[in-house]
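**Q** The structure is given below, and queries will be raised subsequently.
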Amino acid sequence: MQIAGSTALITGAGRGLGRHFAQALLDRGAAKVYATARRPGSIDIAGVTPLALDVTDPDSVRAAAAAAPDVDLLVNNAGLAAYTDLVTGDLDDIRREMETNFFGPLHVVRAFAPVLAGNGGGAILNVLSVLSWISYQGSAGYAAAKAAAWSMTNGVRLELSAQRTQVAGLVMASTDTDMMAGFDVPKNDPADVVRAALDGIEAGEIEIIADADSIATKAALAEHPSALYPAVSTERV
């Protein structure tokens, strides 16, 4: 998949990482960039084609696929963090996280898979999170949704291999976007994350890990769970 000359569509492009993706794709020579948002009037990036798209609304997704029949690179970036726990958190918030972070990109993949097939296969990039692999108290609902999205990415990759669609997952730790604005922690530069993602797409990668924290987390999955959750004792009192 080559960025130059491609026609890309980014979900959630009004701000944050999606906005960086839209600008980077233009800078790399994409022929056309559909920058989508629930309110396309919020898109203020010169050179893109704004398009209405609410990933939680199947009718909106189908309309976007009909309006963008030339897409050969799909970036599933739209996401939601409600900062919920699973046991005591608001169940409606947990459902919103699952609808936006799992069912949303799945709706988009299902609508655009025939478009990509008709345009030679192309590529899909699903923006995931290191919380696909680890959970934190206060963000367990988001982590569960991103874990589901990671599994979905792997399944879609298998299902779309016959039509020669490259399906990649982007995994990253805390990144300096609006979603993380209230947290005083070390953060990735979003420009670096987007650069790594697009480099990975052009290199044919199917999993793109953007930072050292995410690399370490993936390695820890092979260890005893206490490696990721040292505060949780396995000893019975």
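Going by the structure tokens order, chains are called A, B, ..., each with residues numbered from 1, while ligands are numbered from 1 in the order shown.
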At a cut-off of 8 Å, using only C-alpha atoms, what residues contact Ala78 (chain A)? Leave out same-chain residues fewer than 6 positions from it and give the result as a ChimeraX atom specification.

**A** /A:11-13,18,55,100-101,105

**Q** Please produce an output containing C-alpha atoms for each residue in the selection, written as a PDB file, in the first residue's frame.

**A**
ATOM      1  CA  THR A  11     -13.028   8.478  10.953  1.00  0.00           C
ATOM      2  CA  GLY A  12     -13.000  10.968  13.812  1.00  0.00           C
ATOM      3  CA  ALA A  13     -10.866  13.461  11.889  1.00  0.00           C
ATOM      4  CA  GLY A  18      -7.528  11.830  13.360  1.00  0.00           C
ATOM      5  CA  VAL A  55     -19.644   5.355  13.394  1.00  0.00           C
ATOM      6  CA  THR A 100     -17.971   3.431  19.562  1.00  0.00           C
ATOM      7  CA  ASN A 101     -14.721   1.483  19.916  1.00  0.00           C
ATOM      8  CA  PRO A 105     -15.195   0.349  13.443  1.00  0.00           C
TER       9      PRO A 105
END

**Q** Which neighbours of Ala173 (chain A) fall inside 9 Å, counting only C-alpha atoms, when residues of the same chain fewer than 3 positions from it are skipped, and could you give them as JSON, numbers by chain?

**A** {"A": [129, 130, 131, 187, 188, 210, 211, 212, 213, 214]}

**Q** Using only N, CA, C and O atoms, please write the residues we just selected to a file, as a short mmCIF file (atom, residue, chain, number, x, y, z; two decimals), in the first residue's frame.

**A**
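The result, stored in out12.cif:
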data_model
loop_
_atom_site.label_atom_id
_atom_site.label_comp_id
_atom_site.auth_asym_id
_atom_site.auth_seq_id
_atom_site.Cartn_x
_atom_site.Cartn_y
_atom_site.Cartn_z
N SER A 129 -5.04 0.46 21.11
CA SER A 129 -4.47 1.06 22.31
C SER A 129 -3.70 -0.01 23.05
O SER A 129 -4.02 -1.21 22.94
N VAL A 130 -2.72 0.41 23.84
CA VAL A 130 -2.06 -0.55 24.72
C VAL A 130 -3.06 -1.15 25.69
O VAL A 130 -2.85 -2.27 26.20
N LEU A 131 -4.19 -0.46 25.93
CA LEU A 131 -5.23 -1.03 26.79
C LEU A 131 -5.97 -2.17 26.12
O LEU A 131 -6.84 -2.79 26.74
N LYS A 187 3.64 11.35 27.58
CA LYS A 187 2.78 11.10 26.42
C LYS A 187 3.58 11.11 25.14
O LYS A 187 4.54 11.87 24.98
N ASN A 188 3.15 10.27 24.19
CA ASN A 188 3.72 10.29 22.84
C ASN A 188 3.33 11.57 22.13
O ASN A 188 2.26 12.12 22.35
N ALA A 210 3.70 1.52 18.45
CA ALA A 210 4.24 2.87 18.27
C ALA A 210 5.22 3.31 19.34
O ALA A 210 5.87 4.34 19.17
N ASP A 211 5.35 2.59 20.45
CA ASP A 211 6.20 3.10 21.53
C ASP A 211 6.72 1.96 22.40
O ASP A 211 6.23 0.83 22.35
N ALA A 212 7.72 2.30 23.22
CA ALA A 212 8.39 1.31 24.05
C ALA A 212 7.46 0.72 25.11
O ALA A 212 7.55 -0.47 25.43
N ASP A 213 6.56 1.54 25.67
CA ASP A 213 5.64 1.02 26.69
C ASP A 213 4.74 -0.08 26.12
O ASP A 213 4.47 -1.09 26.78
N SER A 214 4.28 0.12 24.89
CA SER A 214 3.42 -0.89 24.27
C SER A 214 4.20 -2.16 23.94
O SER A 214 3.68 -3.27 24.09
#

**Q** Which residues come within 12 Å of Thr36 (chain A), counting only C-alpha atoms, excluding same-chain residues fewer than 2 positions away, as a ChimeraX atom specification?

**A** /A:8-15,18-19,21-22,33-34,38-45,48-55,60-61,63-65,67-68,74-78,108

**Q** Counting only C-alpha atoms, which residues of region 17-129 of chain A sit at most 9 Å from some atom of region 144-149 of chain A, and what is each one's closest atom pair with its distance in Å to one decimal, listed by chain and rising residue number, as a tab-separated table?

**A**
residue	atom	partner	partner_atom	distance
A:Leu86	CA	A:Ala144	CA	8.9
A:Ile94	CA	A:Ala145	CA	8.5
A:Glu97	CA	A:Ala145	CA	6.3
A:Met98	CA	A:Ala145	CA	4.9
A:Glu99	CA	A:Ala145	CA	8.4
A:Thr100	CA	A:Ala145	CA	8.5
A:Asn101	CA	A:Ala145	CA	5.8
A:Phe102	CA	A:Ala149	CA	5.0
A:Phe103	CA	A:Ala149	CA	8.3
A:Pro105	CA	A:Ala149	CA	8.0
A:Leu106	CA	A:Ala149	CA	8.3
A:Asn126	CA	A:Ala149	CA	8.1
A:Val127	CA	A:Ala149	CA	8.9
A:Leu128	CA	A:Lys146	CA	6.1
A:Ser129	CA	A:Lys146	CA	6.5

**Q** Using N, CA and C atoms, can you write the selected residues to a file as a compact mmCIF listing (two decimals), in the first residue's frame?

**A**
# COMPACT_ATOMS: atom_id res chain seq x y z
N LEU A 86 -15.87 -1.49 35.47
CA LEU A 86 -16.84 -2.47 35.00
C LEU A 86 -17.86 -2.85 36.06
N ILE A 94 -20.48 2.21 29.62
CA ILE A 94 -19.73 1.06 29.13
C ILE A 94 -20.25 0.63 27.77
N GLU A 97 -18.96 2.99 25.13
CA GLU A 97 -17.57 2.69 24.78
C GLU A 97 -17.50 1.51 23.83
N MET A 98 -18.30 0.48 24.09
CA MET A 98 -18.30 -0.68 23.20
C MET A 98 -18.89 -0.34 21.84
N GLU A 99 -19.96 0.44 21.81
CA GLU A 99 -20.57 0.83 20.54
C GLU A 99 -19.61 1.65 19.68
N THR A 100 -18.85 2.54 20.31
CA THR A 100 -17.97 3.43 19.56
C THR A 100 -16.66 2.76 19.19
N ASN A 101 -16.07 2.01 20.11
CA ASN A 101 -14.72 1.48 19.92
C ASN A 101 -14.67 0.09 19.30
N PHE A 102 -15.78 -0.65 19.38
CA PHE A 102 -15.82 -1.99 18.76
C PHE A 102 -16.83 -2.06 17.62
N PHE A 103 -18.10 -1.87 17.93
CA PHE A 103 -19.11 -1.99 16.88
C PHE A 103 -18.97 -0.88 15.84
N PRO A 105 -16.11 0.72 14.52
CA PRO A 105 -15.19 0.35 13.44
C PRO A 105 -15.62 -0.90 12.68
N LEU A 106 -16.32 -1.81 13.36
CA LEU A 106 -16.81 -2.99 12.64
C LEU A 106 -17.86 -2.60 11.61
N ASN A 126 -6.74 0.02 11.87
CA ASN A 126 -7.57 0.20 13.06
C ASN A 126 -6.71 0.77 14.19
N VAL A 127 -7.11 1.92 14.70
CA VAL A 127 -6.38 2.55 15.80
C VAL A 127 -6.82 1.89 17.10
N LEU A 128 -5.90 1.18 17.73
CA LEU A 128 -6.17 0.44 18.95
C LEU A 128 -5.55 1.18 20.14
N SER A 129 -5.04 0.46 21.11
CA SER A 129 -4.47 1.06 22.31
C SER A 129 -3.70 -0.01 23.05

**Q** Here is a test: counting only C-alpha atoms, which residue of A:Ala162, A:Glu202, A:Gln137, A:Val156 is nearest to Tyr229 (chain A)?

**A**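 When distances to Tyr229 (chain A) are compared using only C-alpha atoms, the smallest one comes from A:Gln137.
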
**Q** Using Å and a single decimal, report how far CA of Asp70 (chain A) sits from CA of Gly118 (chain A).

**A**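 A separation of 8.6 Å between them.
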
**Q** Identify which of the residues A:Glu205, A:Asp199, A:Asp72, A:Glu159 lies closest to Gly121 (chain A), counting only C-alpha atoms when measuring atom-to-atom distances.

**A**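 The shortest atom-to-atom distance to Gly121 (chain A) comes from A:Asp72.
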
**Q** Per DSSP on the backbone, filter region 49-230 of chain A down to the residues in strand (DSSP E or B) and report them as a PyMOL selection string.

**A** chain A and resi 49-52+73-76+123-127+166-171+175+188+207-209

**Q** Given only C-alpha atoms as the basis, pick out the residue of A:Gln166, A:Gln2, A:Ser161, A:Thr84 nearest to Ile124 (chain A).

**A**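 Between A:Gln166, A:Gln2, A:Ser161, A:Thr84, the residue approaching Ile124 (chain A) most closely is A:Gln166.
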
**Q** Pick out the residues sitting within 9 Å of Gly47 (chain A), and hand them over as an NGL selection string; count only C-alpha atoms, and ignore anything fewer than 6 positions along from it in its own chain.

**A** :A and (23 or 26 or 32-33)

**Q** I need the residues of region 70-162 of chain A that end up classed as helix (DSSP H, G or I) by DSSP on the backbone, written out as a ChimeraX atom specification.

**A** /A:91-118,130-132,140-162

**Q** The selected residues should be written to file as a compact mmCIF listing (two decimals), in the first residue's frame (atoms: C-alpha atoms).

**A**
# COMPACT_ATOMS: atom_id res chain seq x y z
CA LEU A 91 -23.52 0.52 32.31
CA ASP A 92 -24.76 2.96 29.67
CA ASP A 93 -21.27 4.50 29.52
CA ILE A 94 -19.73 1.06 29.13
CA ARG A 95 -22.15 0.31 26.29
CA ARG A 96 -21.24 3.63 24.61
CA GLU A 97 -17.57 2.69 24.78
CA MET A 98 -18.30 -0.68 23.20
CA GLU A 99 -20.57 0.83 20.54
CA THR A 100 -17.97 3.43 19.56
CA ASN A 101 -14.72 1.48 19.92
CA PHE A 102 -15.82 -1.99 18.76
CA PHE A 103 -19.11 -1.99 16.88
CA GLY A 104 -18.34 1.41 15.30
CA PRO A 105 -15.19 0.35 13.44
CA LEU A 106 -16.81 -2.99 12.64
CA HIS A 107 -19.74 -1.19 10.99
CA VAL A 108 -17.24 0.87 8.98
CA VAL A 109 -15.21 -2.18 7.94
CA ARG A 110 -18.32 -4.05 6.82
CA ALA A 111 -19.52 -1.07 4.75
CA PHE A 112 -16.16 -0.32 3.14
CA ALA A 113 -14.89 -3.86 2.53
CA PRO A 114 -16.68 -4.08 -0.86
CA VAL A 115 -15.38 -0.60 -1.74
CA LEU A 116 -11.82 -1.65 -1.00
CA ALA A 117 -12.26 -4.89 -2.95
CA GLY A 118 -13.50 -2.94 -5.96
CA VAL A 130 -2.06 -0.55 24.72
CA LEU A 131 -5.23 -1.03 26.79
CA SER A 132 -6.10 -3.74 24.28
CA ALA A 140 -11.66 -0.87 32.43
CA GLY A 141 -14.65 -0.26 30.15
CA TYR A 142 -12.43 1.35 27.53
CA ALA A 143 -9.87 -1.45 27.88
CA ALA A 144 -12.54 -4.11 27.33
CA ALA A 145 -13.76 -2.34 24.20
CA LYS A 146 -10.24 -1.96 22.82
CA ALA A 147 -9.46 -5.60 23.57
CA ALA A 148 -12.53 -6.52 21.54
CA ALA A 149 -11.37 -4.19 18.74
CA TRP A 150 -7.94 -5.87 18.73
CA SER A 151 -9.57 -9.30 18.38
CA MET A 152 -11.88 -7.92 15.68
CA THR A 153 -8.87 -6.59 13.77
CA ASN A 154 -7.30 -10.04 13.76
CA GLY A 155 -10.53 -11.66 12.59
CA VAL A 156 -11.17 -9.12 9.85
CA ARG A 157 -7.61 -9.57 8.62
CA LEU A 158 -8.27 -13.26 8.04
CA GLU A 159 -11.64 -12.67 6.41
CA LEU A 160 -10.40 -10.00 4.01
CA SER A 161 -7.14 -11.67 3.02
CA ALA A 162 -8.80 -13.26 -0.02

**Q** Applying 10 Å and only C-alpha atoms, which residues near Ile201 (chain A) remain after dropping the ones on its own chain fewer than 2 positions away? List them as a list in words.

**A** Met1, Gln2, Ile3, Leu73, Ala123, Ile124, Leu125, Gln166, Val167, Ala168, Gly169, Leu170, Arg195, Ala196, Ala197, Leu198, Asp199, Ala203, Gly204, Glu205, Ile206, Glu207 and Ile208 of chain A

**Q** Report, in Å with one decimal, the straight-line distance from CA of Ile215 (chain A) to CA of Tyr83 (chain A).

**A**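 Interatomic distance here is 23.6 Å.
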
**Q** Using only C-alpha atoms, determine which residues lie at most 12 Å from Pro225 (chain A), disregarding the query and same-chain residues fewer than 5 positions distant; provide the list as a list in words.

**A**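 The residues satisfying every condition are Trp133, Ile134, Ser135, Thr217, Lys218, Ala219, Ala220, Pro230, Ala231, Val232, Ser233 and Thr234 of chain A.
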
**Q** What does the file look like for those residues with C-alpha atoms, as a PDB file, in the first residue's frame?

**A**
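Saved as again31.pdb:
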ATOM      1  CA  TRP A 133      -3.579  -5.775  26.293  1.00  0.00           C
ATOM      2  CA  ILE A 134      -3.809  -4.386  29.835  1.00  0.00           C
ATOM      3  CA  SER A 135      -6.535  -2.900  32.016  1.00  0.00           C
ATOM      4  CA  THR A 217       3.288  -4.615  27.626  1.00  0.00           C
ATOM      5  CA  LYS A 218       3.000  -7.070  24.760  1.00  0.00           C
ATOM      6  CA  ALA A 219       6.102  -8.925  25.981  1.00  0.00           C
ATOM      7  CA  ALA A 220       4.630  -9.129  29.495  1.00  0.00           C
ATOM      8  CA  PRO A 230       1.723  -6.604  40.513  1.00  0.00           C
ATOM      9  CA  ALA A 231      -0.727  -5.045  42.975  1.00  0.00           C
ATOM     10  CA  VAL A 232      -3.029  -8.063  42.745  1.00  0.00           C
ATOM     11  CA  SER A 233      -1.749 -10.837  44.977  1.00  0.00           C
ATOM     12  CA  THR A 234      -2.256 -14.463  43.928  1.00  0.00           C
TER      13      THR A 234
END

**Q** So what do you get for CA of Pro190 (chain A) versus CA of Gly16 (chain A), distance-wise?

**A**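 Calculated distance between CA of Pro190 (chain A) and CA of Gly16 (chain A) is 8.0 Å.
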